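Asker: Coordinates in protein-v7.txt, compact mmCIF, C-alpha atoms, are listed below.
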# COMPACT_ATOMS: atom_id res chain seq x y z
CA ASP A 72 -31.99 -7.88 0.88
CA THR A 73 -30.37 -9.04 4.10
CA GLY A 74 -33.51 -10.45 5.73
CA VAL A 75 -34.43 -14.08 6.35
CA SER A 76 -35.15 -15.97 3.16
CA GLN A 77 -36.99 -19.24 2.65
CA ASN A 78 -37.29 -21.57 -0.31
CA PRO A 79 -39.48 -22.66 -1.86
CA ARG A 80 -42.29 -20.23 -1.12
CA HIS A 81 -44.92 -22.78 -2.06
CA LYS A 82 -44.85 -26.56 -2.22
CA ILE A 83 -47.62 -28.87 -3.32
CA THR A 84 -47.01 -32.54 -2.77
CA LYS A 85 -48.87 -35.80 -2.64
CA ARG A 86 -49.43 -37.64 0.58
CA GLY A 87 -46.55 -39.96 1.38
CA GLN A 88 -43.89 -37.92 -0.42
CA ASN A 89 -40.90 -36.33 1.32
CA VAL A 90 -40.34 -32.58 1.21
CA THR A 91 -37.43 -30.38 2.22
CA PHE A 92 -37.46 -26.65 2.93
CA ARG A 93 -34.53 -24.30 3.25
CA CYS A 94 -34.03 -21.25 5.43
CA ASP A 95 -31.22 -18.70 5.13
CA PRO A 96 -31.10 -16.55 8.27
CA ILE A 97 -29.73 -13.06 8.69
CA SER A 98 -26.01 -13.61 8.37
CA GLU A 99 -24.79 -12.67 11.85
CA HIS A 100 -27.68 -14.33 13.68
CA ASN A 101 -26.70 -17.39 15.69
CA ARG A 102 -30.18 -18.67 16.54
CA LEU A 103 -32.53 -20.16 13.99
CA TYR A 104 -36.09 -21.27 14.63
CA TRP A 105 -38.67 -23.29 12.76
CA TYR A 106 -42.37 -22.73 13.34
CA ARG A 107 -45.56 -24.07 11.85
CA GLN A 108 -48.59 -21.84 11.43
CA THR A 109 -52.09 -22.89 10.45
CA LEU A 110 -55.00 -20.62 9.65
CA GLY A 111 -56.17 -18.61 12.62
CA GLN A 112 -53.36 -19.75 14.89
CA GLY A 113 -50.16 -18.25 16.12
CA PRO A 114 -46.76 -19.65 15.14
CA GLU A 115 -46.23 -23.04 16.78
CA PHE A 116 -42.65 -23.74 17.84
CA LEU A 117 -41.05 -26.78 16.19
CA THR A 118 -37.34 -26.59 16.90
CA TYR A 119 -34.42 -24.22 17.20
CA PHE A 120 -30.67 -24.13 16.72
CA GLN A 121 -27.94 -22.13 18.32
CA ASN A 122 -25.19 -22.13 15.75
CA GLU A 123 -25.12 -25.74 14.49
CA ALA A 124 -26.50 -27.31 17.67
CA GLN A 125 -30.15 -28.25 17.79
CA LEU A 126 -31.08 -27.22 21.33
CA GLU A 127 -34.74 -28.02 21.56
CA LYS A 128 -37.48 -29.83 19.71
CA SER A 129 -41.16 -29.56 20.42
CA ARG A 130 -42.63 -32.63 22.05
CA LEU A 131 -45.40 -32.32 19.50
CA LEU A 132 -42.94 -32.80 16.66
CA SER A 133 -43.41 -36.10 14.90
CA ASP A 134 -40.35 -38.23 14.16
CA ARG A 135 -41.17 -37.68 10.49
CA PHE A 136 -39.78 -34.16 10.93
CA SER A 137 -36.06 -33.53 10.99
CA ALA A 138 -34.06 -30.35 10.83
CA GLU A 139 -30.39 -29.64 10.29
CA ARG A 140 -28.10 -26.65 10.39
CA PRO A 141 -24.80 -28.26 9.43
CA LYS A 142 -22.51 -25.24 9.33
CA GLY A 143 -24.42 -22.94 11.60
CA SER A 144 -25.68 -20.90 8.68
CA PHE A 145 -28.64 -22.09 6.59
CA SER A 146 -31.03 -24.76 7.82
CA THR A 147 -33.20 -27.40 6.23
CA LEU A 148 -36.45 -28.87 7.48
CA GLU A 149 -37.45 -32.24 6.06
CA ILE A 150 -40.82 -33.88 6.39
CA GLN A 151 -40.93 -37.54 5.49
CA ARG A 152 -44.07 -39.41 4.41
CA THR A 153 -46.16 -36.27 4.37
CA GLU A 154 -49.73 -36.36 5.61
CA GLN A 155 -52.61 -34.03 4.87
CA GLY A 156 -52.35 -32.70 8.42
CA ASP A 157 -48.89 -31.39 7.61
CA SER A 158 -50.42 -28.75 5.35
CA ALA A 159 -49.46 -25.41 6.88
CA MET A 160 -47.17 -22.43 6.57
CA TYR A 161 -43.67 -23.27 7.77
CA LEU A 162 -41.92 -20.19 9.11
CA CYS A 163 -38.26 -19.72 9.83
CA ALA A 164 -36.95 -17.00 12.13
CA SER A 165 -33.52 -15.96 13.26
CA SER A 166 -32.19 -13.95 16.16
CA LEU A 167 -28.96 -12.64 17.59
CA THR A 168 -28.88 -13.95 21.11
CA LYS A 169 -28.18 -11.39 23.71
CA SER A 170 -30.22 -11.03 26.85
CA THR A 171 -33.45 -11.35 24.90
CA ASP A 172 -34.52 -13.07 21.76
CA THR A 173 -36.09 -10.77 19.18
CA GLN A 174 -36.90 -12.87 16.17
CA TYR A 175 -36.96 -11.91 12.53
CA PHE A 176 -39.21 -14.03 10.39
CA GLY A 177 -38.85 -15.14 6.82
CA PRO A 178 -41.76 -15.14 4.36
CA GLY A 179 -42.52 -18.79 4.99
CA THR A 180 -43.04 -21.89 2.87
CA ARG A 181 -46.66 -22.82 2.31
CA LEU A 182 -47.04 -26.60 2.12
CA THR A 183 -50.12 -28.23 0.66
CA VAL A 184 -50.39 -31.99 0.93
CA LEU A 185 -52.95 -33.49 -1.41
CA GLY B 228 -45.84 -26.13 29.76
CA GLN B 229 -45.95 -22.41 29.37
CA GLN B 230 -49.13 -21.06 27.75
CA VAL B 231 -49.89 -17.62 26.37
CA MET B 232 -53.48 -16.59 25.91
CA GLN B 233 -54.77 -13.62 23.98
CA ILE B 234 -58.15 -11.95 23.90
CA PRO B 235 -60.17 -11.09 21.97
CA GLN B 236 -59.67 -13.45 19.06
CA TYR B 237 -61.25 -10.97 16.65
CA GLN B 238 -62.00 -7.26 16.81
CA HIS B 239 -63.84 -5.18 14.26
CA VAL B 240 -63.65 -1.41 14.69
CA GLN B 241 -64.64 1.67 12.78
CA GLU B 242 -61.73 3.71 11.56
CA GLY B 243 -60.87 6.21 14.26
CA GLU B 244 -61.95 4.00 17.16
CA ASP B 245 -59.48 2.64 19.68
CA PHE B 246 -58.43 -1.00 19.94
CA THR B 247 -56.92 -3.06 22.74
CA THR B 248 -55.69 -6.64 22.84
CA TYR B 249 -54.71 -8.45 26.03
CA CYS B 250 -52.17 -11.17 26.65
CA ASN B 251 -51.84 -13.45 29.67
CA SER B 252 -49.13 -15.96 30.46
CA SER B 253 -49.42 -19.00 32.71
CA THR B 254 -45.89 -18.34 33.96
CA THR B 255 -43.83 -15.31 34.92
CA LEU B 256 -41.99 -13.98 31.91
CA SER B 257 -38.54 -12.56 31.45
CA ASN B 258 -39.78 -10.56 28.51
CA ILE B 259 -42.77 -10.23 26.24
CA GLN B 260 -42.72 -9.34 22.57
CA TRP B 261 -45.40 -8.15 20.18
CA TYR B 262 -45.58 -8.98 16.51
CA LYS B 263 -47.89 -7.91 13.69
CA GLN B 264 -48.82 -10.11 10.78
CA ARG B 265 -50.54 -8.54 7.81
CA PRO B 266 -52.90 -10.72 5.76
CA GLY B 267 -50.76 -12.99 3.62
CA GLY B 268 -47.59 -11.85 5.35
CA HIS B 269 -45.28 -13.09 8.06
CA PRO B 270 -44.96 -11.89 11.66
CA VAL B 271 -43.00 -8.67 12.02
CA PHE B 272 -41.46 -7.64 15.32
CA LEU B 273 -43.00 -4.55 16.89
CA ILE B 274 -41.56 -4.20 20.37
CA GLN B 275 -40.15 -5.96 23.42
CA LEU B 276 -40.95 -5.27 27.07
CA VAL B 277 -38.62 -6.43 29.81
CA LYS B 278 -39.26 -4.51 33.01
CA SER B 279 -42.16 -4.95 35.40
CA GLY B 280 -44.78 -2.26 34.78
CA GLU B 281 -43.01 -1.04 31.66
CA VAL B 282 -44.92 1.14 29.21
CA LYS B 283 -43.65 1.90 25.73
CA LYS B 284 -45.19 3.94 22.95
CA GLN B 285 -44.79 3.84 19.20
CA LYS B 286 -46.84 6.65 17.67
CA ARG B 287 -50.45 5.52 18.18
CA LEU B 288 -49.48 2.18 19.76
CA THR B 289 -49.04 1.80 23.54
CA PHE B 290 -47.62 -1.37 25.02
CA GLN B 291 -47.76 -2.31 28.71
CA PHE B 292 -46.14 -5.08 30.72
CA GLY B 293 -47.88 -6.01 33.95
CA GLU B 294 -46.36 -5.59 37.37
CA ALA B 295 -46.25 -9.35 37.89
CA LYS B 296 -44.72 -9.85 34.41
CA LYS B 297 -47.48 -12.26 33.47
CA ASN B 298 -49.69 -10.05 31.34
CA SER B 299 -49.42 -7.40 28.70
CA SER B 300 -51.59 -5.23 26.52
CA LEU B 301 -51.39 -3.40 23.23
CA HIS B 302 -53.58 -0.35 22.72
CA ILE B 303 -54.01 1.43 19.40
CA THR B 304 -55.46 4.92 19.47
CA ALA B 305 -57.59 6.13 16.55
CA THR B 306 -57.18 3.07 14.34
CA GLN B 307 -56.42 3.43 10.66
CA THR B 308 -56.91 0.97 7.81
CA THR B 309 -53.16 0.39 7.81
CA ASP B 310 -53.51 -1.17 11.28
CA VAL B 311 -55.35 -4.18 9.83
CA GLY B 312 -53.70 -7.50 10.65
CA THR B 313 -53.21 -10.01 13.42
CA TYR B 314 -51.35 -8.93 16.52
CA PHE B 315 -49.46 -11.63 18.41
CA CYS B 316 -47.87 -11.49 21.81
CA ALA B 317 -45.03 -13.89 22.53
CA GLY B 318 -43.62 -14.58 25.96
CA GLN B 319 -40.24 -15.82 26.97
CA ALA B 320 -39.52 -17.37 30.36
CA GLY B 321 -35.83 -17.45 31.10
CA ASN B 322 -33.83 -18.77 28.18
CA THR B 323 -36.65 -20.88 26.71
CA PRO B 324 -38.03 -20.30 23.20
CA LEU B 325 -40.75 -17.76 22.68
CA VAL B 326 -44.31 -19.00 23.10
CA PHE B 327 -46.81 -17.22 20.88
CA GLY B 328 -50.42 -16.49 21.62
CA LYS B 329 -53.07 -17.23 19.01
CA GLY B 330 -53.32 -13.57 18.12
CA THR B 331 -56.03 -10.96 17.80
CA ARG B 332 -57.23 -10.28 14.29
CA LEU B 333 -58.07 -6.60 13.80
CA SER B 334 -60.38 -5.42 11.06
CA VAL B 335 -60.81 -1.71 10.48
CA ILE B 336 -63.90 -0.50 8.64
CA ALA B 337 -63.36 2.72 6.76
Starting from the coordinates I provided, produce the structure as structure tokens.
Answerer:
Amino acid sequence: DTGVSQNPRHKITKRGQNVTFRCDPISEHNRLYWYRQTLGQGPEFLTYFQNEAQLEKSRLLSDRFSAERPKGSFSTLEIQRTEQGDSAMYLCASSLTKSTDTQYFGPGTRLTVL
Amino acid sequence: GQQVMQIPQYQHVQEGEDFTTYCNSSTTLSNIQWYKQRPGGHPVFLIQLVKSGEVKKQKRLTFQFGEAKKNSSLHITATQTTDVGTYFCAGQAGNTPLVFGKGTRLSVIA
């Protein structure tokens, strides 16, 4: 399967713990996005990378969230000191930048903070 | 910042009826994209519209981009149970990241 993959698919953690998620994009795609989705809402943009450079972060993104894409391939999203409000589906998407930006989503990581 | 609004939030139809969802952007868009998310799944790209007034069809689905490039619609003719899911529009202004609407959840009653 050459689609976007994410690990783990599910994560249950206690409040205050740190969690890290991984995303492997489609291999030739140079853009990688992180989104958060809660029930009944559309994907909410968190941040994106072009190759290894993090180009934009949402102003809504707490400083407890950090993302990396060290070699321009896979990416990690870390949430420090998790809170119950962080419970959501975290989606990764990748795209091959041309004149437009069609995104291909991974299956997501569902985070539950107890 | 840029906002994308979708209506209706929910739509329940009998199988065979038509369905339309509407999308409006607060800013002029360079392109608009439509995605479908099945229950328990992730968004899947359906189509992209770039030109003012553009109309594209995929079998029973018809997508339109407004003349002012600020609104769009998705129309499904003769819905089937396989059409169930949430349909999202996502707008891009220039080179900025996509902004997704909240989606329209379609239920089809057999």
Asker: If you take only C-alpha atoms and a cut-off of 8 Å, which residues of chain A touch chain B, and what are their nearest atom pairs and distances in Å to one decimal, in chain and number order, as a Markdown table?
Answerer:
| residue | atom | partner | partner_atom | distance |
| --- | --- | --- | --- | --- |
| A:Gly111 | CA | B:Lys329 | CA | 7.2 |
| A:Gln112 | CA | B:Lys329 | CA | 4.8 |
| A:Gly113 | CA | B:Lys329 | CA | 4.2 |
| A:Pro114 | CA | B:Phe327 | CA | 6.2 |
| A:Glu115 | CA | B:Phe327 | CA | 7.1 |
| A:Phe116 | CA | B:Val326 | CA | 7.3 |
| A:Leu162 | CA | B:His269 | CA | 7.9 |
| A:Thr171 | CA | B:Asn258 | CA | 7.3 |
| A:Asp172 | CA | B:Leu325 | CA | 7.9 |
| A:Thr173 | CA | B:Phe272 | CA | 7.3 |
| A:Gln174 | CA | B:Phe272 | CA | 7.0 |
| A:Tyr175 | CA | B:Phe272 | CA | 6.8 |
| A:Phe176 | CA | B:Pro270 | CA | 6.3 |
| A:Gly177 | CA | B:His269 | CA | 6.9 |
| A:Pro178 | CA | B:His269 | CA | 5.5 |
| A:Gly179 | CA | B:His269 | CA | 7.0 |
Asker: Just checking: using only C-alpha atoms, which residue out of A:Ser165, A:Thr180, A:Gln151, A:Arg135 ends up closest to Arg86 (chain A)?
Answerer: A:Gln151
Asker: How many Å separate CA of Gly318 (chain B) from CA of Val231 (chain B)?
Answerer: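 So the answer is 7.0 Å.
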Asker: Can you pull out the residues contacting Val90 (chain A)? Cut-off 8 Å, using only C-alpha atoms, and skip same-chain residues under 6 positions away; I want them as a PyMOL selection string.
Answerer: chain A and resi 84+149-151+153
Asker: Just want the 8 Å neighbourhood of region 293-309 of chain B, counted on only C-alpha atoms, with same-chain residues fewer than 3 positions away dropped. Output as JSON, numbers by chain.
Answerer: {"B": [240, 241, 242, 243, 244, 245, 246, 247, 248, 249, 250, 251, 252, 253, 254, 255, 256, 257, 258, 259, 278, 279, 280, 281, 287, 288, 289, 290, 334, 335, 336, 337]}
Asker: Just how far from CA of Thr183 (chain A) is CA of Ser158 (chain A), in Å to one decimal?
Answerer: 4.7 Å
Asker: Counting all atoms listed in the file, which of A:Gly143, A:Arg80, A:Ser137, A:Met160 gets nearest to His100 (chain A)?
Answerer: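 The shortest atom-to-atom distance to His100 (chain A) comes from A:Gly143.
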Asker: Hey, can you check how far CA of Gln77 (chain A) sits from CA of Ala159 (chain A)?
Answerer: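 Those two atoms sit 14.5 Å apart.
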Asker: Contacts of Pro96 (chain A) at 7 Å or less, counting only C-alpha atoms, minus same-chain residues fewer than 4 places along, as a PyMOL selection string?
Answerer: chain A and resi 75-76+100+103+144-145+165
Asker: The centre and edge lengths of an axis-aligned box containing all atoms of region 268-273 of chain B present in the file, extended by 3 Å on each side, are to be given in Å to one decimal, as lines of an AutoDock Vina configuration file.
Answerer:
center_x = -44.5
center_y = -8.8
center_z = 11.1
size_x = 12.1
size_y = 14.5
size_z = 17.5
Asker: Under the rule that all atoms listed in the file are counted, which of A:Thr118, A:Lys85, A:Thr168, A:Asp157 is the nearest residue to Arg130 (chain A)?
Answerer: A:Thr118
Asker: With all atoms listed in the file as the atoms that count, which of A:Ser146, A:Lys82, A:Gln108, A:Glu99 lies nearest to Ala124 (chain A)?
Answerer: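 Once distances to Ala124 (chain A) are computed over all atoms listed in the file, the minimum belongs to A:Ser146.
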Asker: Can you patch up region 109-120 of chain A, filling it in to all heavy atoms, and show the result as an mmCIF file, in the frame of the given file?
Answerer:
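File written: part-v2.cif
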data_model
loop_
_atom_site.group_PDB
_atom_site.id
_atom_site.type_symbol
_atom_site.label_atom_id
_atom_site.label_comp_id
_atom_site.auth_asym_id
_atom_site.auth_seq_id
_atom_site.Cartn_x
_atom_site.Cartn_y
_atom_site.Cartn_z
ATOM 1 N N THR A 109 -50.867 -22.571 11.184
ATOM 2 C CA THR A 109 -52.090 -22.890 10.450
ATOM 3 C C THR A 109 -53.053 -21.733 10.583
ATOM 4 O O THR A 109 -52.875 -20.836 11.426
ATOM 5 C CB THR A 109 -52.728 -24.187 10.965
ATOM 6 O OG1 THR A 109 -52.904 -24.073 12.389
ATOM 7 C CG2 THR A 109 -51.847 -25.391 10.682
ATOM 8 N N LEU A 110 -54.070 -21.739 9.760
ATOM 9 C CA LEU A 110 -55.000 -20.620 9.650
ATOM 10 C C LEU A 110 -55.631 -20.303 10.999
ATOM 11 O O LEU A 110 -56.137 -21.189 11.692
ATOM 12 C CB LEU A 110 -56.076 -20.952 8.626
ATOM 13 C CG LEU A 110 -56.891 -19.771 8.112
ATOM 14 C CD1 LEU A 110 -55.992 -18.790 7.376
ATOM 15 C CD2 LEU A 110 -58.005 -20.252 7.198
ATOM 16 N N GLY A 111 -55.542 -19.050 11.390
ATOM 17 C CA GLY A 111 -56.170 -18.610 12.620
ATOM 18 C C GLY A 111 -55.393 -18.909 13.887
ATOM 19 O O GLY A 111 -55.890 -18.680 14.992
ATOM 20 N N GLN A 112 -54.186 -19.420 13.724
ATOM 21 C CA GLN A 112 -53.360 -19.750 14.890
ATOM 22 C C GLN A 112 -52.078 -18.931 14.886
ATOM 23 O O GLN A 112 -51.653 -18.417 13.844
ATOM 24 C CB GLN A 112 -53.001 -21.242 14.872
ATOM 25 C CG GLN A 112 -54.205 -22.173 14.867
ATOM 26 C CD GLN A 112 -55.012 -22.087 16.143
ATOM 27 O OE1 GLN A 112 -54.466 -22.083 17.239
ATOM 28 N NE2 GLN A 112 -56.326 -22.002 16.004
ATOM 29 N N GLY A 113 -51.465 -18.865 16.042
ATOM 30 C CA GLY A 113 -50.160 -18.250 16.120
ATOM 31 C C GLY A 113 -49.081 -19.229 15.694
ATOM 32 O O GLY A 113 -49.344 -20.420 15.544
ATOM 33 N N PRO A 114 -47.868 -18.742 15.479
ATOM 34 C CA PRO A 114 -46.760 -19.650 15.140
ATOM 35 C C PRO A 114 -46.557 -20.682 16.243
ATOM 36 O O PRO A 114 -46.481 -20.335 17.415
ATOM 37 C CB PRO A 114 -45.567 -18.697 15.018
ATOM 38 C CG PRO A 114 -46.156 -17.361 14.717
ATOM 39 C CD PRO A 114 -47.450 -17.337 15.464
ATOM 40 N N GLU A 115 -46.448 -21.950 15.846
ATOM 41 C CA GLU A 115 -46.230 -23.040 16.780
ATOM 42 C C GLU A 115 -44.770 -23.474 16.696
ATOM 43 O O GLU A 115 -44.299 -23.858 15.624
ATOM 44 C CB GLU A 115 -47.150 -24.220 16.435
ATOM 45 C CG GLU A 115 -46.936 -25.452 17.274
ATOM 46 C CD GLU A 115 -47.636 -26.665 16.692
ATOM 47 O OE1 GLU A 115 -48.129 -26.593 15.553
ATOM 48 O OE2 GLU A 115 -47.687 -27.693 17.382
ATOM 49 N N PHE A 116 -44.078 -23.411 17.803
ATOM 50 C CA PHE A 116 -42.650 -23.740 17.840
ATOM 51 C C PHE A 116 -42.423 -25.200 17.454
ATOM 52 O O PHE A 116 -43.093 -26.108 17.952
ATOM 53 C CB PHE A 116 -42.111 -23.474 19.230
ATOM 54 C CG PHE A 116 -40.734 -23.995 19.483
ATOM 55 C CD1 PHE A 116 -39.620 -23.321 19.000
ATOM 56 C CD2 PHE A 116 -40.534 -25.169 20.193
ATOM 57 C CE1 PHE A 116 -38.339 -23.799 19.235
ATOM 58 C CE2 PHE A 116 -39.263 -25.648 20.426
ATOM 59 C CZ PHE A 116 -38.162 -24.958 19.944
ATOM 60 N N LEU A 117 -41.443 -25.416 16.570
ATOM 61 C CA LEU A 117 -41.050 -26.780 16.190
ATOM 62 C C LEU A 117 -39.683 -27.135 16.761
ATOM 63 O O LEU A 117 -39.524 -28.141 17.437
ATOM 64 C CB LEU A 117 -41.019 -26.923 14.667
ATOM 65 C CG LEU A 117 -42.357 -26.779 13.932
ATOM 66 C CD1 LEU A 117 -42.143 -26.920 12.426
ATOM 67 C CD2 LEU A 117 -43.363 -27.789 14.431
ATOM 68 N N THR A 118 -38.685 -26.309 16.456
ATOM 69 C CA THR A 118 -37.340 -26.590 16.900
ATOM 70 C C THR A 118 -36.491 -25.337 16.748
ATOM 71 O O THR A 118 -36.870 -24.414 16.025
ATOM 72 C CB THR A 118 -36.719 -27.753 16.099
ATOM 73 O OG1 THR A 118 -35.465 -28.130 16.678
ATOM 74 C CG2 THR A 118 -36.503 -27.375 14.640
ATOM 75 N N TYR A 119 -35.330 -25.318 17.439
ATOM 76 C CA TYR A 119 -34.420 -24.220 17.200
ATOM 77 C C TYR A 119 -32.970 -24.658 17.358
ATOM 78 O O TYR A 119 -32.672 -25.662 18.018
ATOM 79 C CB TYR A 119 -34.757 -23.003 18.052
ATOM 80 C CG TYR A 119 -34.147 -22.947 19.430
ATOM 81 C CD1 TYR A 119 -33.003 -22.179 19.683
ATOM 82 C CD2 TYR A 119 -34.752 -23.585 20.505
ATOM 83 C CE1 TYR A 119 -32.475 -22.082 20.960
ATOM 84 C CE2 TYR A 119 -34.219 -23.498 21.773
ATOM 85 C CZ TYR A 119 -33.084 -22.733 22.007
ATOM 86 O OH TYR A 119 -32.559 -22.635 23.265
ATOM 87 N N PHE A 120 -32.105 -23.889 16.717
ATOM 88 C CA PHE A 120 -30.670 -24.130 16.720
ATOM 89 C C PHE A 120 -29.955 -22.906 17.288
ATOM 90 O O PHE A 120 -30.352 -21.772 17.041
ATOM 91 C CB PHE A 120 -30.144 -24.334 15.286
ATOM 92 C CG PHE A 120 -30.655 -25.565 14.618
ATOM 93 C CD1 PHE A 120 -31.898 -25.580 14.004
ATOM 94 C CD2 PHE A 120 -29.889 -26.726 14.584
ATOM 95 C CE1 PHE A 120 -32.380 -26.710 13.383
ATOM 96 C CE2 PHE A 120 -30.351 -27.865 13.958
ATOM 97 C CZ PHE A 120 -31.601 -27.856 13.353
#
